[in-house]
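Each remark here refers to the structure printed beneath this line.
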There are 2 protein chains.
Amino acid sequence: MKYTKPLLKLIEEFQKFPGIGPKSAERMAFHILNQDMQNIEDLSRIILEAKTQIKRCSVCQNLSANDPCEICVNLSRDKKMICVVSEPKDLLAIEKTNEYKGLYHVLGGLISPLDGVGPENLTIKELLSRVSKNNLSEIIIALDTSTEGEATTLYLHRIFSPVCDKVTRLGFGLPVGTELEYADELTLTRALENRCEIK
Amino acid sequence: MKYTKPLLKLIEEFQKFPGIGPKSAERMAFHILNQDMQNIEDLSRIILEAKTQIKRCSVCQNLSANDPCEICVNLSRDKKMICVVSEPKDLLAIEKTNEYKGLYHVLGGLISPLDGVGPENLTIKELLSRVSKNNLSEIIIALDTSTEGEATTLYLHRIFSPVCDKVTRLGFGLPVGTELEYADELTLTRALENRCEIK
C-alpha cells in the first residue's frame, strides 16, 4: 500500500524543487490537501502568472514584469556605472546595501566548462553592446569568489578592460563579524594584501 | 528595489508551506522561472488534480482517489481488526512494517483543547458506527506518545472498551538501535515495566 496516485504525483512534483526531500515534499502535499479549494486555485494561478508575466529585461537581463525593468528606467540612477552580477538574487543582495546607485547587468550564470556553460551561454554579448553604445565610467564585476566566479571575473576583465577605462571587482577581506582564528588562509592572505589605513 | 510583483507573490505563496522559510521559498520560485512552460503547466495541473480527486474514504477516512479506499475493499484484509491512527502518514508508516493486515481508521487529528480540537472534531462518531455495525475482535490505538496522543488514547479507550472486547495500544519501550544512556527516564521506566522474557 502506498499513497493514492494523485497524492504520489504531487509529492513527486514537490521533490523536484531544490532542497526539498521526500519528507518535506510529503508535508507540502498534505498542506495542499488541508487548504480550501480557493487557496489552491490561487496558488495554481500565481505559479502560472509568475511564469508567464516575468520576463528578462531586454537591457540588463534582470527578471521583471516590465521591459525595460524598474531599475533601467529609473532616472535617478547613475547611467555611467554597470555592476555585473551572476543572478537576479545577487542583484537584490547588492540593492539591499543601499550603497550602489548605478545600473546592473545580469549574466545568467558563471562560466563553468564542467557544466557545459561557456561565455556564449551568458549575456556577455548584450553587455558588450551596452558598453559600446554608452560612455561608461566604470564596470564593477560582482561575482561569487568560487572557482567559476573567479574564471568569469578574469574573462570579463580581459574583454572589457580595452573598452572601458575602469573595470573593478568587489574587495576581498574578512567578512564583518568574523573571528580571525576561523578565517581560512586564502581569505587572510587577501585581507593582508588589501589592508588599509585606519581613518 | 524588491523583486518584481508576480515573483514576490510566488515567493509569498511558497512561504505558506510548512517548513519553508524565505530563502527556500526564493529558491523554489527561481526554480519555477527556470523551468519550461510545459513543466509548470503540469505542476499547476497536478496540484489542482490532487486537490479535486483526493477525497476521504467514507469508511476509514483515509485519503484516497477511490471511495471506499484500496485497503477497505481489499478482500485479503482482516475485517475484524481496526487500527486507529491520527493522520494518513501514520497509516502509511504502519503499512510499511508489513506486519499489520487489518483495517484502519484515520481520526484526522488528536484531541487538543489548546488548539480548539475536541472529540467532536475527530472522526470518532464514524468509528463508533463502524464498531457497532461490525463484530470486531480488536481495536489497536496507534497514536503519538505526546500529551495530545495520550489524552486521545485514554479517551478512545473509555469510549470503546464497553463495545469491543479487546482495545490495545502500541507497546512502549526503547526504540531499536538506541543507546541506553541516551534514553529519557520515562521511556526507560516504561521499557522496564514492559520487560519481556528472552525467547
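Ordering of the C-alpha cells sets the chain letters (A, B, ...), residue numbers begin anew at 1 in every chain, and ligands are numbered from 1 in the order given.
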
Could you pull out the alpha helix (DSSP H) residues of chain B from DSSP and send them as a ChimeraX atom specification? /B:5-15,22-34,37-53,70-73,88-97,124-133,147-160,185-193

How would the residues just chosen look if you wrote them out with C-alpha atoms as a PDB file, in the first residue's frame?
ATOM      1  CA  LYS B   5       5.483  41.731  -8.162  1.00  0.00           C
ATOM      2  CA  PRO B   6       4.497  38.350  -9.657  1.00  0.00           C
ATOM      3  CA  LEU B   7       7.760  36.913  -8.294  1.00  0.00           C
ATOM      4  CA  LEU B   8       7.136  38.362  -4.824  1.00  0.00           C
ATOM      5  CA  LYS B   9       3.631  36.876  -4.809  1.00  0.00           C
ATOM      6  CA  LEU B  10       5.039  33.481  -5.793  1.00  0.00           C
ATOM      7  CA  ILE B  11       7.665  33.631  -3.023  1.00  0.00           C
ATOM      8  CA  GLU B  12       4.924  34.549  -0.536  1.00  0.00           C
ATOM      9  CA  GLU B  13       2.826  31.568  -1.662  1.00  0.00           C
ATOM     10  CA  PHE B  14       5.720  29.159  -1.116  1.00  0.00           C
ATOM     11  CA  GLN B  15       6.400  30.612   2.326  1.00  0.00           C
ATOM     12  CA  PRO B  22      12.120  32.969   2.954  1.00  0.00           C
ATOM     13  CA  LYS B  23      15.357  31.605   1.428  1.00  0.00           C
ATOM     14  CA  SER B  24      13.858  28.244   0.437  1.00  0.00           C
ATOM     15  CA  ALA B  25      10.785  29.984  -0.981  1.00  0.00           C
ATOM     16  CA  GLU B  26      13.074  32.188  -3.077  1.00  0.00           C
ATOM     17  CA  ARG B  27      14.965  29.181  -4.425  1.00  0.00           C
ATOM     18  CA  MET B  28      11.700  27.419  -5.243  1.00  0.00           C
ATOM     19  CA  ALA B  29      10.379  30.475  -7.079  1.00  0.00           C
ATOM     20  CA  PHE B  30      13.550  30.733  -9.178  1.00  0.00           C
ATOM     21  CA  HIS B  31      13.247  27.023  -9.894  1.00  0.00           C
ATOM     22  CA  ILE B  32       9.782  27.729 -11.338  1.00  0.00           C
ATOM     23  CA  LEU B  33      11.119  30.524 -13.550  1.00  0.00           C
ATOM     24  CA  ASN B  34      13.910  28.299 -14.857  1.00  0.00           C
ATOM     25  CA  MET B  37       6.383  26.344 -19.580  1.00  0.00           C
ATOM     26  CA  GLN B  38       5.192  22.751 -20.124  1.00  0.00           C
ATOM     27  CA  ASN B  39       6.569  21.569 -16.771  1.00  0.00           C
ATOM     28  CA  ILE B  40       4.935  24.459 -14.975  1.00  0.00           C
ATOM     29  CA  GLU B  41       1.568  23.785 -16.586  1.00  0.00           C
ATOM     30  CA  ASP B  42       1.943  20.169 -15.440  1.00  0.00           C
ATOM     31  CA  LEU B  43       2.779  21.256 -11.894  1.00  0.00           C
ATOM     32  CA  SER B  44      -0.184  23.588 -11.763  1.00  0.00           C
ATOM     33  CA  ARG B  45      -2.492  20.858 -13.086  1.00  0.00           C
ATOM     34  CA  ILE B  46      -1.169  18.175 -10.719  1.00  0.00           C
ATOM     35  CA  ILE B  47      -1.778  20.446  -7.729  1.00  0.00           C
ATOM     36  CA  LEU B  48      -5.375  21.063  -8.796  1.00  0.00           C
ATOM     37  CA  GLU B  49      -5.940  17.392  -9.636  1.00  0.00           C
ATOM     38  CA  ALA B  50      -4.653  16.226  -6.275  1.00  0.00           C
ATOM     39  CA  LYS B  51      -6.938  18.694  -4.548  1.00  0.00           C
ATOM     40  CA  THR B  52     -10.031  17.763  -6.570  1.00  0.00           C
ATOM     41  CA  GLN B  53      -9.523  13.991  -6.911  1.00  0.00           C
ATOM     42  CA  GLU B  70      -7.925   0.326  -1.645  1.00  0.00           C
ATOM     43  CA  ILE B  71      -7.481  -1.037   1.888  1.00  0.00           C
ATOM     44  CA  CYS B  72     -11.181  -1.110   2.771  1.00  0.00           C
ATOM     45  CA  VAL B  73     -12.104  -3.064  -0.403  1.00  0.00           C
ATOM     46  CA  PRO B  88      -2.791   9.257   6.755  1.00  0.00           C
ATOM     47  CA  LYS B  89       1.003   9.401   7.107  1.00  0.00           C
ATOM     48  CA  ASP B  90       0.789   7.362  10.315  1.00  0.00           C
ATOM     49  CA  LEU B  91      -1.249   4.766   8.414  1.00  0.00           C
ATOM     50  CA  LEU B  92       1.476   4.601   5.791  1.00  0.00           C
ATOM     51  CA  ALA B  93       4.165   4.210   8.468  1.00  0.00           C
ATOM     52  CA  ILE B  94       2.345   1.145   9.830  1.00  0.00           C
ATOM     53  CA  GLU B  95       1.745  -0.237   6.323  1.00  0.00           C
ATOM     54  CA  LYS B  96       5.493  -0.078   5.687  1.00  0.00           C
ATOM     55  CA  THR B  97       6.138  -2.567   8.517  1.00  0.00           C
ATOM     56  CA  ILE B 124     -14.844   9.222  16.422  1.00  0.00           C
ATOM     57  CA  LYS B 125     -18.566   9.143  15.557  1.00  0.00           C
ATOM     58  CA  GLU B 126     -17.763   7.340  12.298  1.00  0.00           C
ATOM     59  CA  LEU B 127     -15.564   4.888  14.184  1.00  0.00           C
ATOM     60  CA  LEU B 128     -18.347   4.196  16.708  1.00  0.00           C
ATOM     61  CA  SER B 129     -20.788   3.385  13.912  1.00  0.00           C
ATOM     62  CA  ARG B 130     -18.208   1.055  12.268  1.00  0.00           C
ATOM     63  CA  VAL B 131     -17.596  -0.709  15.573  1.00  0.00           C
ATOM     64  CA  SER B 132     -21.300  -1.132  16.323  1.00  0.00           C
ATOM     65  CA  LYS B 133     -22.037  -2.499  12.827  1.00  0.00           C
ATOM     66  CA  THR B 147       0.383  14.687  25.612  1.00  0.00           C
ATOM     67  CA  GLU B 148      -2.353  15.056  22.994  1.00  0.00           C
ATOM     68  CA  GLY B 149      -1.809  11.484  21.806  1.00  0.00           C
ATOM     69  CA  GLU B 150      -2.043  10.154  25.368  1.00  0.00           C
ATOM     70  CA  ALA B 151      -5.213  12.122  26.078  1.00  0.00           C
ATOM     71  CA  THR B 152      -6.813  10.823  22.885  1.00  0.00           C
ATOM     72  CA  THR B 153      -5.720   7.238  23.617  1.00  0.00           C
ATOM     73  CA  LEU B 154      -7.305   7.365  27.083  1.00  0.00           C
ATOM     74  CA  TYR B 155     -10.478   8.961  25.697  1.00  0.00           C
ATOM     75  CA  LEU B 156     -10.815   6.312  22.967  1.00  0.00           C
ATOM     76  CA  HIS B 157     -10.181   3.547  25.472  1.00  0.00           C
ATOM     77  CA  ARG B 158     -13.019   4.840  27.664  1.00  0.00           C
ATOM     78  CA  ILE B 159     -15.410   5.026  24.694  1.00  0.00           C
ATOM     79  CA  PHE B 160     -14.563   1.727  23.035  1.00  0.00           C
ATOM     80  CA  GLU B 185      13.706   8.428  32.153  1.00  0.00           C
ATOM     81  CA  LEU B 186      10.073   7.993  31.195  1.00  0.00           C
ATOM     82  CA  THR B 187      10.925   5.788  28.222  1.00  0.00           C
ATOM     83  CA  LEU B 188      13.235   3.729  30.420  1.00  0.00           C
ATOM     84  CA  THR B 189      10.543   3.391  33.112  1.00  0.00           C
ATOM     85  CA  ARG B 190       8.064   2.163  30.503  1.00  0.00           C
ATOM     86  CA  ALA B 191      10.660  -0.176  28.993  1.00  0.00           C
ATOM     87  CA  LEU B 192      11.243  -1.672  32.449  1.00  0.00           C
ATOM     88  CA  GLU B 193       7.521  -2.107  33.032  1.00  0.00           C
TER      89      GLU B 193
END

Name the residues of stretch 126-164 of chain A that fall into strand (DSSP E) according to DSSP on the backbone, using the chain letters and numbers of this document, as a list in words. Glu138, Ile139, Ile140 and Ile141 of chain A

Mind pulling up the distance from atom CA of A:Gly19 to atom CA of B:Gln35? 15.9 Å

Nearest to chain B: which of A:Asp184, A:Glu99, A:Glu197, A:Asp36 is it, counting only C-alpha atoms? A:Asp36

Test item: residues at most 12 Å from B:Ile139, only C-alpha atoms, excluding those fewer than 3 positions along its chain, as a PyMOL selection string: chain B and resi 79-85+102-105+127-128+130-131+134-136+142+153+156-157+159-170

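Summary of the local environment: counting only C-alpha atoms, residues at most 6 Å from B:Gly108, other than itself and those fewer than 4 positions away along its chain, are Ser86, Glu87 and Leu122 of chain B.
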
Counting only C-alpha atoms, which residue out of B:Val59, B:Gly109, B:Asp78, B:Glu138 sits closest to chain A?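 Closest residue, counting only C-alpha atoms: B:Gly109.
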
What separates atom CA of B:Ser146 and atom CA of B:Phe172 is a distance of 12.5 Å
